[in-house]
Structure formats: C-alpha cells, structure tokens
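Below: the structure, in structure tokens.
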Amino acid sequence: MGNKGSKAKSSGGGSKGKAAAAPKGPTRMEERSKDHTEIPLKVCVEGLEEVFLDGNKIEVIREETNKWGTLKAVFFENNQIKELPVDIIRAWVQLEEINLSNNPLTVLPPEIGDAWPNLKSLYINDCQIPQVPKEICNWSKLRLLQASNCGITELPEAVGNFENLSQLSMNGNELTSLPESVGKWSKMKKCFLNSNKLESLPASIGGWASLEKFYINDNCLTAIPEEIGECKNLAEFYANENQLETLPAGLGSCMDVDKIYLNSNKLTALPEELGKLKVLELLYLNNNELDALPSTLANCASLKFIHVANNSIEELPEGLEGLGGLKELNLTGNPIQLSDDQKEAFKDSLQMDAAADDDE
C-alpha cells in the first residue's frame, strides 16, 4: 500500500505533469492620432478584441488584418479609407462594433451583411454612401446605427429586420419618407432624423413602444400621424422648422412628454388634448400662425416655459395664472393685451413687446 502511495506522489510531481499555459497576447491595442499612413503590422495579430486606429491617415485596409478573427470592435474614424475589401474583412466574423465615420467611403459592400452577423453598432457619419444595401438588414442584432451626412436618399423595406435597433441617427441626409416596416422597431428609444426632406411619416411609428426621444427638426412635414399617441414613453419631441399645420390629438396620450419644440411651423391651432400632459415643462411654439392657446394648458401643472413669440395671439386663456411654476412666458411679437391682473400674475415670467404692454 505504501508503494502505491509513493508511486502516485512520484507521478504527480514528475516530468509528465501539465506544461504551463502559454501567456496570452494583448486583446486591446491603440494607435490613435499618430499620422499612420497604413495599419501598423504590430496590430495585425491574432487574439485582438479591440483596435483603435482613429485619427490617422490610413488609406487601405491591409491583408494582414485577416488575422482579426476574434475582433469585436474596431475604430477607423477620421482616416482616408476609400474601400472595404470584402476578401479581407469577411474574416472579422466576431465583429460587434465598427466606426468608419469621416472617411471617403462611397459604398458599403453588400457582402458585409453576411460577413458580420454579430454586428451591434455601425458608425458611418460623414461618409458619402447614398445607398444602404438591403443585405445589411441581415444584422438582426444591430442596436445602434449612425449614418448622418451621408447623402442617403432612401431606406430599403428590409430595415424592418433591425428588430433590436434602439438608436438611429440619420441627420443631414436626403430622405423623403420612411418605409412602413420601421414600425417593427419596437425597441427604438432615440430617433434623430433632423435636416432631411421628409414629407410624411408612416402610421407604423406607433409601433415604437420604447421611443423616448424623437427629433425631426428641419424637414418638410405637414402632419404627424395620430399613431404617435401610441408611443407611451415619449419624453422629448422636437419638430422645429417643418410645415406642420396641425397636431394630432394623440400627442396628448404621450403622458411622459416633458419637452415639445414646434418652432417655425404653420400651426393655426393646438389640440385641447395637450392639457392631459401633466409632466410637460417646456412648450416652444415660436413663429407659427396661432391666434389662441387652448384653455386646457392650465391643466399642465408642470409647465415652466411657454414660448409663443411671433404668432397672432390676441388674448390668453383663463387659468394660466394658476401655473405656479411658470418661469418664462414669451409673448413677443403677438397683438396681445393683458389685463392688470394677468400682468401681476406673470410679472416674474413675462416677456412681451413694450408697445403691446403700454397699450393696456
């Protein structure tokens, strides 16, 4: 029995034991803003998960990067890359995030739709990519898409496959409409579509049940779909500089809205339903064609800022004096006359033309 124990001990401590594991190489490398004209060979190694190459002068994605089979994130913004070579980048099979913003790219190769099945974040701001290939709509895991100032004219119907998309930034493009399929974006939280040429929005945006911020400034919209009232989590709504003539009553169903900006439109009236917005704090309606405000605004107990400069309002509805938290009431540029009681009630918040004030 003693011999057996001795043998076991000898075997455990002898030359046949496990060899020590080889040390792992780095998983993250940074070569930012170093005036590189090509990708350094020292970052073209296996095992990397994050590579930062932003702010250089790189023009070509070199062949040696086909070793990036474990790469999850790469940052190429602010370089001189003109092309994504498919035969090389298809090796980046684990890629989850890529930033290509501010490069002279003109095309997204369709093949990347199948090459990067795990992609969650894509940044292509300030590239000149007017067409979005339908193949990238295979990215069912995509959560963030930033494609501002790219000259994009339309989105393929297949973008409805972005079922996990929660943030979209496509400011400064040439979009005139959105496909109905965007209604499938039930996880959308932040949508920025400023400075496009949108003429209408699909009723299907009512499917954006998670929407919190919706910015559609500087477009050509004449109406907002009634279905916006189904976006129950909406908190910030910006639609300045459009051609809006009316607002949907459904907006009054967005009980979490605390900011509404509708400056520089063609609104002639507001829906009474706005009075349901109990947490509304900021209401900006400068440069419209309003001749009155709904009396129900007096029910918006959280209102702090009401700006209605440069409209045609002649009198205020009764009850606004009861808004104890009001900090600014801008009536500049309206043919309005206030009673002495109203002047007293709004003395700490009132902004209006001196001439109109003197008339009373």
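Chain identifiers are assigned as A, B, and so on, following the order in which chains appear in the structure tokens; residues are numbered from 1 within each chain, and ligands are numbered from 1 in order of appearance.
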
So that each row is one residue of segment 80-182 of chain A with an atom at most 10 Å from segment 197-213 of chain A, can you give its shortest atom pair and the distance in Å to one decimal, using only C-alpha atoms, rows by chain and rising number, as JSON lines?
{"residue": "A:Thr153", "atom": "CA", "partner": "A:Lys197", "partner_atom": "CA", "distance": 9.2}
{"residue": "A:Ser166", "atom": "CA", "partner": "A:Ser210", "partner_atom": "CA", "distance": 8.3}
{"residue": "A:Gln167", "atom": "CA", "partner": "A:Leu211", "partner_atom": "CA", "distance": 9.4}
{"residue": "A:Gly172", "atom": "CA", "partner": "A:Lys197", "partner_atom": "CA", "distance": 9.0}
{"residue": "A:Asn173", "atom": "CA", "partner": "A:Lys197", "partner_atom": "CA", "distance": 7.8}
{"residue": "A:Glu174", "atom": "CA", "partner": "A:Lys197", "partner_atom": "CA", "distance": 5.7}
{"residue": "A:Leu175", "atom": "CA", "partner": "A:Lys197", "partner_atom": "CA", "distance": 5.4}
{"residue": "A:Thr176", "atom": "CA", "partner": "A:Leu198", "partner_atom": "CA", "distance": 4.0}
{"residue": "A:Ser177", "atom": "CA", "partner": "A:Leu198", "partner_atom": "CA", "distance": 5.2}
{"residue": "A:Leu178", "atom": "CA", "partner": "A:Leu201", "partner_atom": "CA", "distance": 6.5}
{"residue": "A:Pro179", "atom": "CA", "partner": "A:Pro202", "partner_atom": "CA", "distance": 7.1}
{"residue": "A:Glu180", "atom": "CA", "partner": "A:Pro202", "partner_atom": "CA", "distance": 5.7}
{"residue": "A:Ser181", "atom": "CA", "partner": "A:Ser204", "partner_atom": "CA", "distance": 7.4}
{"residue": "A:Val182", "atom": "CA", "partner": "A:Ile205", "partner_atom": "CA", "distance": 6.8}

Subject >> Spatial neighbours of Ser264 of chain A, max dist 12 Å, only C-alpha atoms, sep filter under 5 positions, as a list in words >> reply: Asn217, Asp218, Asn219, Cys220, Leu221, Tyr238, Ala239, Asn240, Glu241, Asn242, Gln243, Leu244, Glu245, Tyr284, Leu285, Asn286, Asn287, Asn288, Glu289, Leu290, His307, Val308, Ala309, Asn310 and Asn311 of chain A

Name all residues at most 8 Å from Leu251 of chain A (count only C-alpha atoms; drop same-chain ones fewer than 6 positions away) and give them as a CSV table (one decimal) with C-alpha atoms, in the first residue's frame.
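part_22.csv, written as the output of this step:
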chain,number,residue,atom,x,y,z
A,226,GLU,CA,-52.2,60.2,-35.0
A,228,ILE,CA,-47.7,58.9,-32.3
A,229,GLY,CA,-50.1,58.7,-29.3
A,273,GLU,CA,-55.7,67.1,-25.6
A,274,LEU,CA,-52.4,68.8,-24.8

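For Asn171 of chain A, the list of residues within 9 Å, based on only C-alpha atoms and with local chain neighbours fewer than 6 positions off taken out, reads Gln146, Ala147, Ser148, Asn149, Cys150, Phe192, Leu193, Asn194, Ser195, Asn196 and Ile216 of chain A.
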
Output of the above residues as a PDB file, in the first residue's frame, restricted to N, CA, C and O atoms:
ATOM      1  N   GLN A 146     -25.570  54.936 -36.789  1.00  0.00           N
ATOM      2  CA  GLN A 146     -25.319  56.355 -37.016  1.00  0.00           C
ATOM      3  C   GLN A 146     -24.845  56.538 -38.441  1.00  0.00           C
ATOM      4  O   GLN A 146     -23.786  56.025 -38.816  1.00  0.00           O
ATOM      5  N   ALA A 147     -25.640  57.256 -39.215  1.00  0.00           N
ATOM      6  CA  ALA A 147     -25.324  57.466 -40.630  1.00  0.00           C
ATOM      7  C   ALA A 147     -25.767  58.870 -41.028  1.00  0.00           C
ATOM      8  O   ALA A 147     -26.576  59.054 -41.928  1.00  0.00           O
ATOM      9  N   SER A 148     -25.234  59.869 -40.345  1.00  0.00           N
ATOM     10  CA  SER A 148     -25.572  61.258 -40.633  1.00  0.00           C
ATOM     11  C   SER A 148     -24.668  61.822 -41.728  1.00  0.00           C
ATOM     12  O   SER A 148     -23.508  61.435 -41.860  1.00  0.00           O
ATOM     13  N   ASN A 149     -25.240  62.725 -42.524  1.00  0.00           N
ATOM     14  CA  ASN A 149     -24.485  63.441 -43.557  1.00  0.00           C
ATOM     15  C   ASN A 149     -23.838  62.494 -44.564  1.00  0.00           C
ATOM     16  O   ASN A 149     -22.666  62.631 -44.907  1.00  0.00           O
ATOM     17  N   CYS A 150     -24.617  61.534 -45.024  1.00  0.00           N
ATOM     18  CA  CYS A 150     -24.120  60.551 -45.994  1.00  0.00           C
ATOM     19  C   CYS A 150     -24.755  60.699 -47.374  1.00  0.00           C
ATOM     20  O   CYS A 150     -24.369  59.996 -48.300  1.00  0.00           O
ATOM     21  N   PHE A 192     -33.169  60.199 -34.370  1.00  0.00           N
ATOM     22  CA  PHE A 192     -32.766  61.536 -34.807  1.00  0.00           C
ATOM     23  C   PHE A 192     -32.763  61.581 -36.334  1.00  0.00           C
ATOM     24  O   PHE A 192     -31.936  60.930 -36.977  1.00  0.00           O
ATOM     25  N   LEU A 193     -33.685  62.359 -36.894  1.00  0.00           N
ATOM     26  CA  LEU A 193     -33.841  62.461 -38.340  1.00  0.00           C
ATOM     27  C   LEU A 193     -33.873  63.922 -38.776  1.00  0.00           C
ATOM     28  O   LEU A 193     -34.581  64.305 -39.708  1.00  0.00           O
ATOM     29  N   ASN A 194     -33.104  64.751 -38.106  1.00  0.00           N
ATOM     30  CA  ASN A 194     -33.070  66.180 -38.417  1.00  0.00           C
ATOM     31  C   ASN A 194     -32.492  66.445 -39.805  1.00  0.00           C
ATOM     32  O   ASN A 194     -31.654  65.687 -40.303  1.00  0.00           O
ATOM     33  N   SER A 195     -32.934  67.534 -40.417  1.00  0.00           N
ATOM     34  CA  SER A 195     -32.335  68.040 -41.657  1.00  0.00           C
ATOM     35  C   SER A 195     -32.318  67.009 -42.777  1.00  0.00           C
ATOM     36  O   SER A 195     -31.293  66.747 -43.415  1.00  0.00           O
ATOM     37  N   ASN A 196     -33.480  66.399 -42.998  1.00  0.00           N
ATOM     38  CA  ASN A 196     -33.708  65.584 -44.177  1.00  0.00           C
ATOM     39  C   ASN A 196     -34.741  66.298 -45.049  1.00  0.00           C
ATOM     40  O   ASN A 196     -34.896  67.516 -44.948  1.00  0.00           O
ATOM     41  N   ILE A 216     -37.092  65.480 -35.277  1.00  0.00           N
ATOM     42  CA  ILE A 216     -37.339  65.549 -36.722  1.00  0.00           C
ATOM     43  C   ILE A 216     -37.340  67.004 -37.177  1.00  0.00           C
ATOM     44  O   ILE A 216     -38.133  67.411 -38.033  1.00  0.00           O
TER      45      ILE A 216
END

**OP:** Would you mind telling me which residue in A:Leu331, A:Ile81, A:Val74, A:Ala298 lies nearest to Gln128 of chain A when using only C-alpha atoms?
**Re:** A:Ile81

**OP:** Could you check which of A:Ser121, A:Asn263, A:Asn56, A:Ser339 is closest to Glu318 of chain A, using only C-alpha atoms?
**Re:** A:Ser339

Original post:
In terms of the shortest atom-to-atom distance over only C-alpha atoms, which of A:Val60, A:Val279, A:Ala158, A:Ala73 is closest to Met255 of chain A?
Top reply: A:Val279

Spatial neighbours of Asp291 of chain A, 7 Å, only C-alpha atoms, chain gap at least 5 places, as a PDB file with N, CA and C atoms, in the first residue's frame:
ATOM      1  N   THR A 268     -51.951  76.594 -36.832  1.00  0.00           N
ATOM      2  CA  THR A 268     -53.002  77.596 -36.615  1.00  0.00           C
ATOM      3  C   THR A 268     -53.789  77.330 -35.339  1.00  0.00           C
ATOM      4  N   ASN A 311     -46.569  84.982 -33.160  1.00  0.00           N
ATOM      5  CA  ASN A 311     -47.812  84.380 -33.610  1.00  0.00           C
ATOM      6  C   ASN A 311     -48.854  85.496 -33.762  1.00  0.00           C
ATOM      7  N   SER A 312     -50.122  85.140 -33.703  1.00  0.00           N
ATOM      8  CA  SER A 312     -51.189  86.144 -33.839  1.00  0.00           C
ATOM      9  C   SER A 312     -52.141  86.085 -32.646  1.00  0.00           C
ATOM     10  N   ILE A 313     -51.607  85.778 -31.489  1.00  0.00           N
ATOM     11  CA  ILE A 313     -52.417  85.595 -30.279  1.00  0.00           C
ATOM     12  C   ILE A 313     -52.854  86.952 -29.726  1.00  0.00           C
ATOM     13  N   GLU A 314     -54.155  87.101 -29.488  1.00  0.00           N
ATOM     14  CA  GLU A 314     -54.703  88.362 -29.001  1.00  0.00           C
ATOM     15  C   GLU A 314     -55.027  88.328 -27.514  1.00  0.00           C
TER      16      GLU A 314
END

**OP:** Enumerate the residues of segment 9-258 of chain A with a DSSP assignment of strand (DSSP E or B), computed from the backbone, and present them as a PyMOL selection string.
**Re:** chain A and resi 28-30+50-52+73-75+97-99+121-123+131+144-146+154+167-169+190-192+213-215+236-238
